[in-house]
$ cat my_file.cif   # mmCIF, C-alpha atoms
data_work
#
loop_
_atom_site.label_atom_id
_atom_site.label_comp_id
_atom_site.auth_asym_id
_atom_site.auth_seq_id
_atom_site.Cartn_x
_atom_site.Cartn_y
_atom_site.Cartn_z
CA MET A 1 50.97 31.05 284.14
CA ALA A 2 50.33 30.47 280.48
CA ARG A 3 47.23 28.42 281.31
CA LEU A 4 45.99 31.13 283.73
CA THR A 5 46.55 33.82 281.16
CA ALA A 6 44.59 31.95 278.50
CA ARG A 7 41.73 31.36 280.91
CA THR A 8 41.70 35.05 281.78
CA ARG A 9 41.50 35.95 278.09
CA ARG A 10 38.54 33.59 277.60
CA LEU A 11 36.68 35.09 280.55
CA ALA A 12 37.28 38.60 279.26
CA MET A 13 35.98 37.70 275.80
CA ALA A 14 32.84 36.12 277.29
CA ALA A 15 32.17 39.18 279.40
CA ALA A 16 32.50 41.45 276.35
CA SER A 17 30.00 39.35 274.44
CA VAL A 18 27.47 39.61 277.29
CA LEU A 19 27.87 43.40 277.41
CA ALA A 20 27.42 43.72 273.64
CA LEU A 21 24.23 41.65 273.73
CA ALA A 22 22.81 43.76 276.53
CA ALA A 23 23.46 46.95 274.56
CA THR A 24 21.38 45.74 271.58
CA ILE A 25 18.25 44.86 273.58
CA PRO A 26 16.85 48.47 274.02
CA GLY A 27 17.22 49.18 270.31
CA CYS A 28 15.36 46.01 269.42
CA VAL A 29 12.51 46.91 271.79
CA ALA A 30 12.29 50.43 270.37
CA MET A 31 12.12 49.16 266.78
CA ALA A 32 9.37 46.72 267.73
CA THR A 33 7.19 49.40 269.37
CA GLU A 34 7.45 52.21 266.74
CA ASP A 35 4.71 52.51 264.09
CA PRO A 36 6.35 52.20 260.65
CA ARG A 37 3.38 54.13 259.12
CA SER A 38 4.06 57.29 261.13
CA PRO A 39 5.35 60.36 259.24
CA GLU A 40 8.85 59.93 260.62
CA HIS A 41 9.09 56.65 258.67
CA ARG A 42 7.71 57.93 255.36
CA GLN A 43 9.96 59.61 252.87
CA ASP A 44 7.17 62.05 251.97
CA GLY A 45 6.32 62.88 255.57
CA LYS A 46 9.60 63.85 257.15
CA ARG A 47 9.37 66.54 259.81
CA ASN A 48 11.98 69.01 260.86
CA ALA A 49 13.66 67.61 263.97
CA MET A 50 13.08 70.94 265.74
CA GLN A 51 9.37 71.12 264.84
CA SER A 52 6.74 69.38 266.93
CA PRO A 53 3.66 67.81 265.28
CA SER A 54 1.40 70.38 266.98
CA SER A 55 3.37 73.35 265.64
CA SER A 56 3.28 71.85 262.16
CA GLN A 57 -0.50 71.56 262.30
CA SER A 58 -0.96 75.06 263.67
CA ARG A 59 0.94 76.57 260.75
CA SER A 60 -1.14 74.79 258.11
CA PRO A 61 -4.17 76.86 256.97
CA SER A 62 -7.55 75.21 257.02
CA ALA A 63 -8.48 73.80 253.63
CA SER A 64 -11.98 75.28 253.93
CA ALA A 65 -10.95 78.78 255.04
CA PRO A 66 -10.86 81.34 252.18
CA ALA A 67 -7.77 83.49 251.87
CA ALA A 68 -8.45 86.95 253.25
CA PRO A 69 -8.00 89.63 250.56
CA GLY A 70 -5.15 92.01 251.23
CA ARG A 71 -5.26 95.78 251.08
CA VAL A 72 -6.29 97.23 247.72
CA SER A 73 -6.01 100.69 246.21
CA ASP A 74 -8.09 103.40 247.90
CA SER A 75 -8.57 105.32 244.65
CA ILE A 76 -12.10 105.25 243.23
CA SER A 77 -12.42 102.64 240.49
CA HIS A 78 -14.19 103.43 237.23
CA GLU A 79 -12.30 101.35 234.69
CA SER A 80 -13.05 97.79 233.63
CA GLU A 81 -10.89 94.75 234.27
CA THR A 82 -11.88 93.47 230.83
CA PRO A 83 -9.58 94.83 228.13
CA GLY A 84 -10.97 96.44 225.04
CA LYS A 85 -14.60 97.40 224.62
CA ALA A 86 -16.39 96.55 227.87
CA VAL A 87 -18.96 97.88 230.30
CA ASN A 88 -19.39 97.37 234.04
CA LEU A 89 -23.02 96.95 235.05
CA THR A 90 -23.58 97.94 238.68
CA ILE A 91 -26.85 97.37 240.53
CA ASP A 92 -27.51 99.28 243.78
CA ASP A 93 -29.60 99.29 246.95
CA GLY A 94 -30.83 95.70 247.07
CA PRO A 95 -31.51 93.00 247.61
CA GLU A 96 -35.29 93.21 247.16
CA PRO A 97 -37.50 90.09 246.89
CA ILE A 98 -39.17 91.04 243.58
CA TRP A 99 -36.79 93.28 241.69
CA THR A 100 -33.49 91.57 242.42
CA LEU A 101 -34.91 88.36 240.99
CA LYS A 102 -36.23 90.16 237.89
CA VAL A 103 -32.85 91.84 237.30
CA LEU A 104 -31.10 88.50 237.73
CA ASP A 105 -33.43 86.97 235.13
CA VAL A 106 -32.64 89.69 232.58
CA LEU A 107 -28.91 89.38 233.18
CA LYS A 108 -29.11 85.62 232.72
CA LYS A 109 -31.12 86.05 229.51
CA TYR A 110 -28.23 87.95 227.89
CA ASP A 111 -25.39 86.15 229.67
CA ALA A 112 -24.37 89.42 231.32
CA LYS A 113 -22.46 89.80 234.58
CA ALA A 114 -22.89 92.65 237.06
CA THR A 115 -21.71 93.97 240.40
CA PHE A 116 -24.42 94.18 243.06
CA CYS A 117 -23.91 96.96 245.59
CA ILE A 118 -25.72 95.58 248.60
CA ILE A 119 -27.00 97.35 251.71
CA GLY A 120 -25.90 95.41 254.78
CA SER A 121 -29.25 95.54 256.58
CA ARG A 122 -30.98 94.25 253.43
CA ALA A 123 -28.49 91.41 253.12
CA LYS A 124 -29.27 90.44 256.71
CA GLU A 125 -33.00 90.48 255.93
CA TYR A 126 -32.77 88.57 252.64
CA PRO A 127 -29.69 86.30 252.76
CA GLU A 128 -31.17 83.87 250.23
CA LEU A 129 -31.16 86.63 247.60
CA VAL A 130 -27.50 87.40 248.25
CA LYS A 131 -26.72 83.72 247.77
CA LYS A 132 -28.58 83.79 244.44
CA VAL A 133 -26.47 86.74 243.28
CA VAL A 134 -23.26 84.89 244.13
CA ALA A 135 -24.48 81.61 242.63
CA ALA A 136 -25.18 83.40 239.34
CA GLY A 137 -21.54 84.50 239.15
CA HIS A 138 -21.96 88.18 239.93
CA ARG A 139 -19.73 90.22 242.24
CA LEU A 140 -20.59 91.82 245.57
CA CYS A 141 -20.08 95.40 246.70
CA ASP A 142 -20.52 96.87 250.19
CA HIS A 143 -23.04 99.73 250.09
CA SER A 144 -22.98 100.49 253.85
CA VAL A 145 -25.36 99.24 256.55
CA ASP A 146 -28.10 101.87 256.25
CA HIS A 147 -27.47 103.85 253.03
CA ASN A 148 -26.92 107.17 254.79
CA THR A 149 -26.11 109.67 252.03
CA ALA A 150 -24.64 112.04 254.64
CA MET A 151 -21.80 109.59 255.35
CA ASP A 152 -19.23 112.21 254.37
CA LYS A 153 -20.52 114.50 257.14
CA SER A 154 -20.57 111.77 259.79
CA PRO A 155 -17.86 110.97 262.40
CA GLU A 156 -15.10 108.64 261.35
CA SER A 157 -16.20 106.05 263.92
CA TYR A 158 -19.63 105.97 262.28
CA GLN A 159 -18.14 105.65 258.79
CA GLN A 160 -16.03 102.71 259.90
CA GLN A 161 -18.97 100.98 261.56
CA GLN A 162 -21.15 101.39 258.48
CA ILE A 163 -18.49 99.94 256.16
CA VAL A 164 -17.08 97.12 258.28
CA ASP A 165 -20.42 95.96 259.72
CA ALA A 166 -21.99 95.90 256.26
CA GLN A 167 -19.14 93.78 254.92
CA LYS A 168 -19.74 91.26 257.70
CA MET A 169 -23.49 91.23 257.11
CA ILE A 170 -22.99 90.59 253.40
CA LEU A 171 -20.49 87.79 254.01
CA ASP A 172 -22.77 86.22 256.62
CA ALA A 173 -25.54 86.20 254.03
CA ALA A 174 -23.45 85.10 251.06
CA GLY A 175 -21.31 82.50 252.83
CA ARG A 176 -17.77 82.84 254.11
CA ASP A 177 -16.25 81.61 250.84
CA ALA A 178 -17.64 84.71 249.09
CA ARG A 179 -15.76 87.97 248.69
CA VAL A 180 -16.90 91.57 248.81
CA PHE A 181 -14.79 93.21 246.10
CA TYR A 182 -15.82 96.87 246.37
CA TYR A 183 -17.26 99.60 248.56
CA ARG A 184 -19.60 102.21 247.10
CA ALA A 185 -20.49 105.12 249.34
CA PRO A 186 -24.23 105.92 249.43
CA GLY A 187 -24.83 108.75 246.99
CA GLY A 188 -21.11 108.81 246.25
CA ALA A 189 -20.42 110.37 249.67
CA PHE A 190 -16.82 109.17 249.92
CA THR A 191 -14.25 110.64 252.26
CA PRO A 192 -10.50 109.95 252.31
CA TYR A 193 -11.07 108.10 255.58
CA SER A 194 -13.92 105.90 254.30
CA ARG A 195 -11.89 105.01 251.22
CA GLU A 196 -8.96 103.99 253.42
CA VAL A 197 -11.19 101.87 255.68
CA ALA A 198 -12.64 100.06 252.66
CA ALA A 199 -9.25 99.55 251.01
CA SER A 200 -7.71 98.19 254.21
CA HIS A 201 -10.50 95.60 254.31
CA GLY A 202 -9.87 94.48 250.73
CA MET A 203 -12.64 96.52 249.08
CA ARG A 204 -11.86 98.95 246.25
CA PRO A 205 -13.91 102.17 246.36
CA LEU A 206 -16.30 102.06 243.42
CA GLY A 207 -17.66 105.00 241.45
CA TRP A 208 -19.67 105.25 238.23
CA ASN A 209 -19.53 106.99 234.86
CA VAL A 210 -23.11 106.74 233.62
CA ASP A 211 -25.97 107.58 235.99
CA THR A 212 -29.23 106.37 234.48
CA HIS A 213 -31.31 108.05 237.25
CA ASP A 214 -33.52 104.97 237.09
CA TRP A 215 -34.26 105.34 240.80
CA THR A 216 -36.49 108.33 239.95
CA ASN A 217 -38.62 106.15 237.64
CA PRO A 218 -38.25 108.56 234.69
CA GLY A 219 -39.66 106.08 232.19
CA VAL A 220 -38.06 103.13 230.40
CA GLN A 221 -37.02 105.14 227.33
CA ARG A 222 -35.24 107.80 229.38
CA ILE A 223 -33.20 105.11 231.13
CA VAL A 224 -32.28 103.60 227.78
CA ASP A 225 -31.46 107.02 226.32
CA ALA A 226 -29.18 107.86 229.25
CA VAL A 227 -26.99 104.85 228.44
CA HIS A 228 -26.90 105.64 224.72
CA ARG A 229 -26.10 109.29 225.39
CA ASP A 230 -23.52 109.02 228.19
CA LEU A 231 -21.65 105.78 227.57
CA HIS A 232 -18.75 107.77 226.12
CA GLU A 233 -18.12 109.04 229.67
CA GLY A 234 -16.82 105.65 230.77
CA PRO A 235 -17.69 101.99 231.25
CA THR A 236 -19.34 101.85 234.68
CA ILE A 237 -23.13 102.17 234.52
CA LEU A 238 -25.38 102.71 237.55
CA PHE A 239 -28.73 100.92 237.89
CA HIS A 240 -30.90 99.99 240.88
CA ASP A 241 -32.75 96.90 242.05
CA GLY A 242 -33.71 98.36 245.44
CA GLY A 243 -35.36 101.42 246.94
CA GLY A 244 -38.73 101.12 245.26
CA ASN A 245 -40.53 99.72 242.24
CA ARG A 246 -37.84 98.81 239.71
CA SER A 247 -40.01 97.49 236.88
CA GLN A 248 -38.70 100.29 234.63
CA THR A 249 -35.11 99.27 235.33
CA ALA A 250 -35.80 95.64 234.48
CA ALA A 251 -37.59 96.64 231.27
CA ALA A 252 -34.81 99.07 230.32
CA LEU A 253 -32.12 96.42 230.89
CA ASP A 254 -34.05 94.14 228.57
CA GLN A 255 -33.40 96.71 225.82
CA ILE A 256 -29.97 97.96 226.84
CA LEU A 257 -28.21 94.62 227.18
CA PRO A 258 -28.89 93.32 223.66
CA TRP A 259 -28.01 96.77 222.28
CA LEU A 260 -24.66 96.72 224.10
CA LYS A 261 -23.92 93.28 222.69
CA SER A 262 -24.83 94.43 219.18
CA GLN A 263 -22.35 97.31 219.60
CA GLY A 264 -19.57 94.86 220.45
CA TYR A 265 -19.40 95.49 224.19
CA ALA A 266 -18.39 92.76 226.63
CA PHE A 267 -19.70 92.67 230.19
CA GLY A 268 -16.89 93.05 232.70
CA TYR A 269 -16.18 94.02 236.28
CA PRO A 270 -14.60 97.18 237.67
CA LYS A 271 -10.88 97.05 238.42
CA VAL A 272 -9.99 96.01 241.94
#

$ encode --input "my_file.cif" --output "structure tokens"
Amino acid sequence: MARLTARTRRLAMAAASVLALAATIPGCVAMATEDPRSPEHRQDGKRNAMQSPSSSQSRSPSASAPAAPGRVSDSISHESETPGKAVNLTIDDGPEPIWTLKVLDVLKKYDAKATFCIIGSRAKEYPELVKKVVAAGHRLCDHSVDHNTAMDKSPESYQQQQIVDAQKMILDAAGRDARVFYYRAPGGAFTPYSREVAASHGMRPLGWNVDTHDWTNPGVQRIVDAVHRDLHEGPTILFHDGGGNRSQTAAALDQILPWLKSQGYAFGYPKV
């Protein structure tokens, strides 16, 4: 009996060894087939066990996609972002092939920055000029699709179309990495609704303090005098590069900009 018992023990031990060996084979195969370079095997690439690779990728924003601006204030901006003594140069109704380029040249000459209030249909017609404005470091402003100065008397659906479509036209021209910072109603024809539409699309309504009336071609000296006379009203000055011959505006800027610098003014942007 003792011999039988010992033999039984030996058989049992052998069987246990066989079972243990069989249990290790799947693990060895799995280790041999996994890629040690995969994220699960890198300390810096661990994934949440409950998160699939596809869901991880879908949550990651595209590196090339610009962040969409959130809602901004719907109050009309007049102040400057630049603290202290500063002016905001704003240029309306372009782009135009001749005059936008001349205004850009004068601004560059005096290292001055400006906000260009662009008509959507003009941006669509002259996208290369919008790109030049952005490349020079200036800001963009939505000035509606068609510059209808009766916007405040138009249906809300029309107001929305004019603002939102113009923003898209300007971005299509400028490039999707650009931003339209402001909305200026044609002729200042704001409504509470149009201001809300602009603000909800990330564009601050933009007013002005000094109207040079340069669009009437009153003469270079009268444009210059308007700035000298009315600058105490506030920092945002209205000029034009579109809507007609703007040679007087370009010539007036060539006098106004060095004068502003001599008076200690910096060139800023309106508050967003």

$ residues_near_point --input "my_file.cif" --point "(-35.9, 108.0, 236.6)" --cutoff "12 Å" --atoms "only C-alpha atoms" --output "list in words"
Asp211, Thr212, His213, Asp214, Trp215, Thr216, Asn217, Pro218, Gly219, Val220, Gln221, Arg222, Ile223, Val224, Asp225, Ala226, Leu238, Phe239, His240, Gly244, Asn245, Arg246, Ser247, Gln248, Thr249 and Ala252 of chain A

$ resolve_selection --input "my_file.cif" --expression "the PyMOL selection byres ((chain A and resi 256-260) around 9)" --output "PyMOL selection string"
chain A and resi 87+106-107+110+112+223-224+227-228+251-255+261-267

$ resolve_selection --input "my_file.cif" --expression "the PyMOL selection byres ((chain A and resi 78) around 8)" --output "PDB file with C-alpha atoms, in the coordinates of the input"
ATOM      1  CA  ILE A  76     -12.100 105.250 243.230  1.00  0.00           C
ATOM      2  CA  SER A  77     -12.420 102.640 240.490  1.00  0.00           C
ATOM      3  CA  GLU A  79     -12.300 101.350 234.690  1.00  0.00           C
ATOM      4  CA  SER A  80     -13.050  97.790 233.630  1.00  0.00           C
ATOM      5  CA  LEU A 206     -16.300 102.060 243.420  1.00  0.00           C
ATOM      6  CA  GLY A 207     -17.660 105.000 241.450  1.00  0.00           C
ATOM      7  CA  TRP A 208     -19.670 105.250 238.230  1.00  0.00           C
ATOM      8  CA  ASN A 209     -19.530 106.990 234.860  1.00  0.00           C
ATOM      9  CA  GLY A 234     -16.820 105.650 230.770  1.00  0.00           C
ATOM     10  CA  PRO A 235     -17.690 101.990 231.250  1.00  0.00           C
ATOM     11  CA  THR A 236     -19.340 101.850 234.680  1.00  0.00           C
ATOM     12  CA  PRO A 270     -14.600  97.180 237.670  1.00  0.00           C
ATOM     13  CA  LYS A 271     -10.880  97.050 238.420  1.00  0.00           C
TER      14      LYS A 271
END

$ atom_distance --input "my_file.cif" --atom1 "atom CA of Ile170 of chain A" --atom2 "atom CA of Thr191 of chain A"
21.9 Å

$ closest_residue --input "my_file.cif" --among "A:Glu96, A:Glu81, A:Asp172, A:Asp74" --to "Lys124 of chain A" --atoms "only C-alpha atoms"
A:Asp172

$ resolve_selection --input "my_file.cif" --expression "the PyMOL selection byres ((chain A and resi 160) around 12)" --output "ChimeraX atom specification"
/A:144-145,151-152,154-159,161-167,183,185,190-201

$ residues_around --input "my_file.cif" --residues "Lys113 of chain A" --least-positions-apart "4" --cutoff "12 Å" --atoms "only C-alpha atoms" --output "short mmCIF file (atom, residue, chain, number, x, y, z; two decimals) with C-alpha atoms, in the frame of the given file"
data_model
loop_
_atom_site.label_atom_id
_atom_site.label_comp_id
_atom_site.auth_asym_id
_atom_site.auth_seq_id
_atom_site.Cartn_x
_atom_site.Cartn_y
_atom_site.Cartn_z
CA THR A 82 -11.88 93.47 230.83
CA ALA A 86 -16.39 96.55 227.87
CA VAL A 87 -18.96 97.88 230.30
CA ASN A 88 -19.39 97.37 234.04
CA LEU A 89 -23.02 96.95 235.05
CA THR A 90 -23.58 97.94 238.68
CA ILE A 91 -26.85 97.37 240.53
CA VAL A 103 -32.85 91.84 237.30
CA LEU A 104 -31.10 88.50 237.73
CA ASP A 105 -33.43 86.97 235.13
CA VAL A 106 -32.64 89.69 232.58
CA LEU A 107 -28.91 89.38 233.18
CA LYS A 108 -29.11 85.62 232.72
CA LYS A 109 -31.12 86.05 229.51
CA VAL A 133 -26.47 86.74 243.28
CA VAL A 134 -23.26 84.89 244.13
CA ALA A 135 -24.48 81.61 242.63
CA ALA A 136 -25.18 83.40 239.34
CA GLY A 137 -21.54 84.50 239.15
CA HIS A 138 -21.96 88.18 239.93
CA ARG A 139 -19.73 90.22 242.24
CA LEU A 140 -20.59 91.82 245.57
CA LEU A 257 -28.21 94.62 227.18
CA ALA A 266 -18.39 92.76 226.63
CA PHE A 267 -19.70 92.67 230.19
CA GLY A 268 -16.89 93.05 232.70
CA TYR A 269 -16.18 94.02 236.28
CA PRO A 270 -14.60 97.18 237.67
#

$ atom_distance --input "my_file.cif" --atom1 "atom CA of Lys153 of chain A" --atom2 "atom CA of Gly187 of chain A"
12.4 Å

$ atom_distance --input "my_file.cif" --atom1 "atom CA of Asp177 of chain A" --atom2 "atom CA of Pro69 of chain A"
11.5 Å
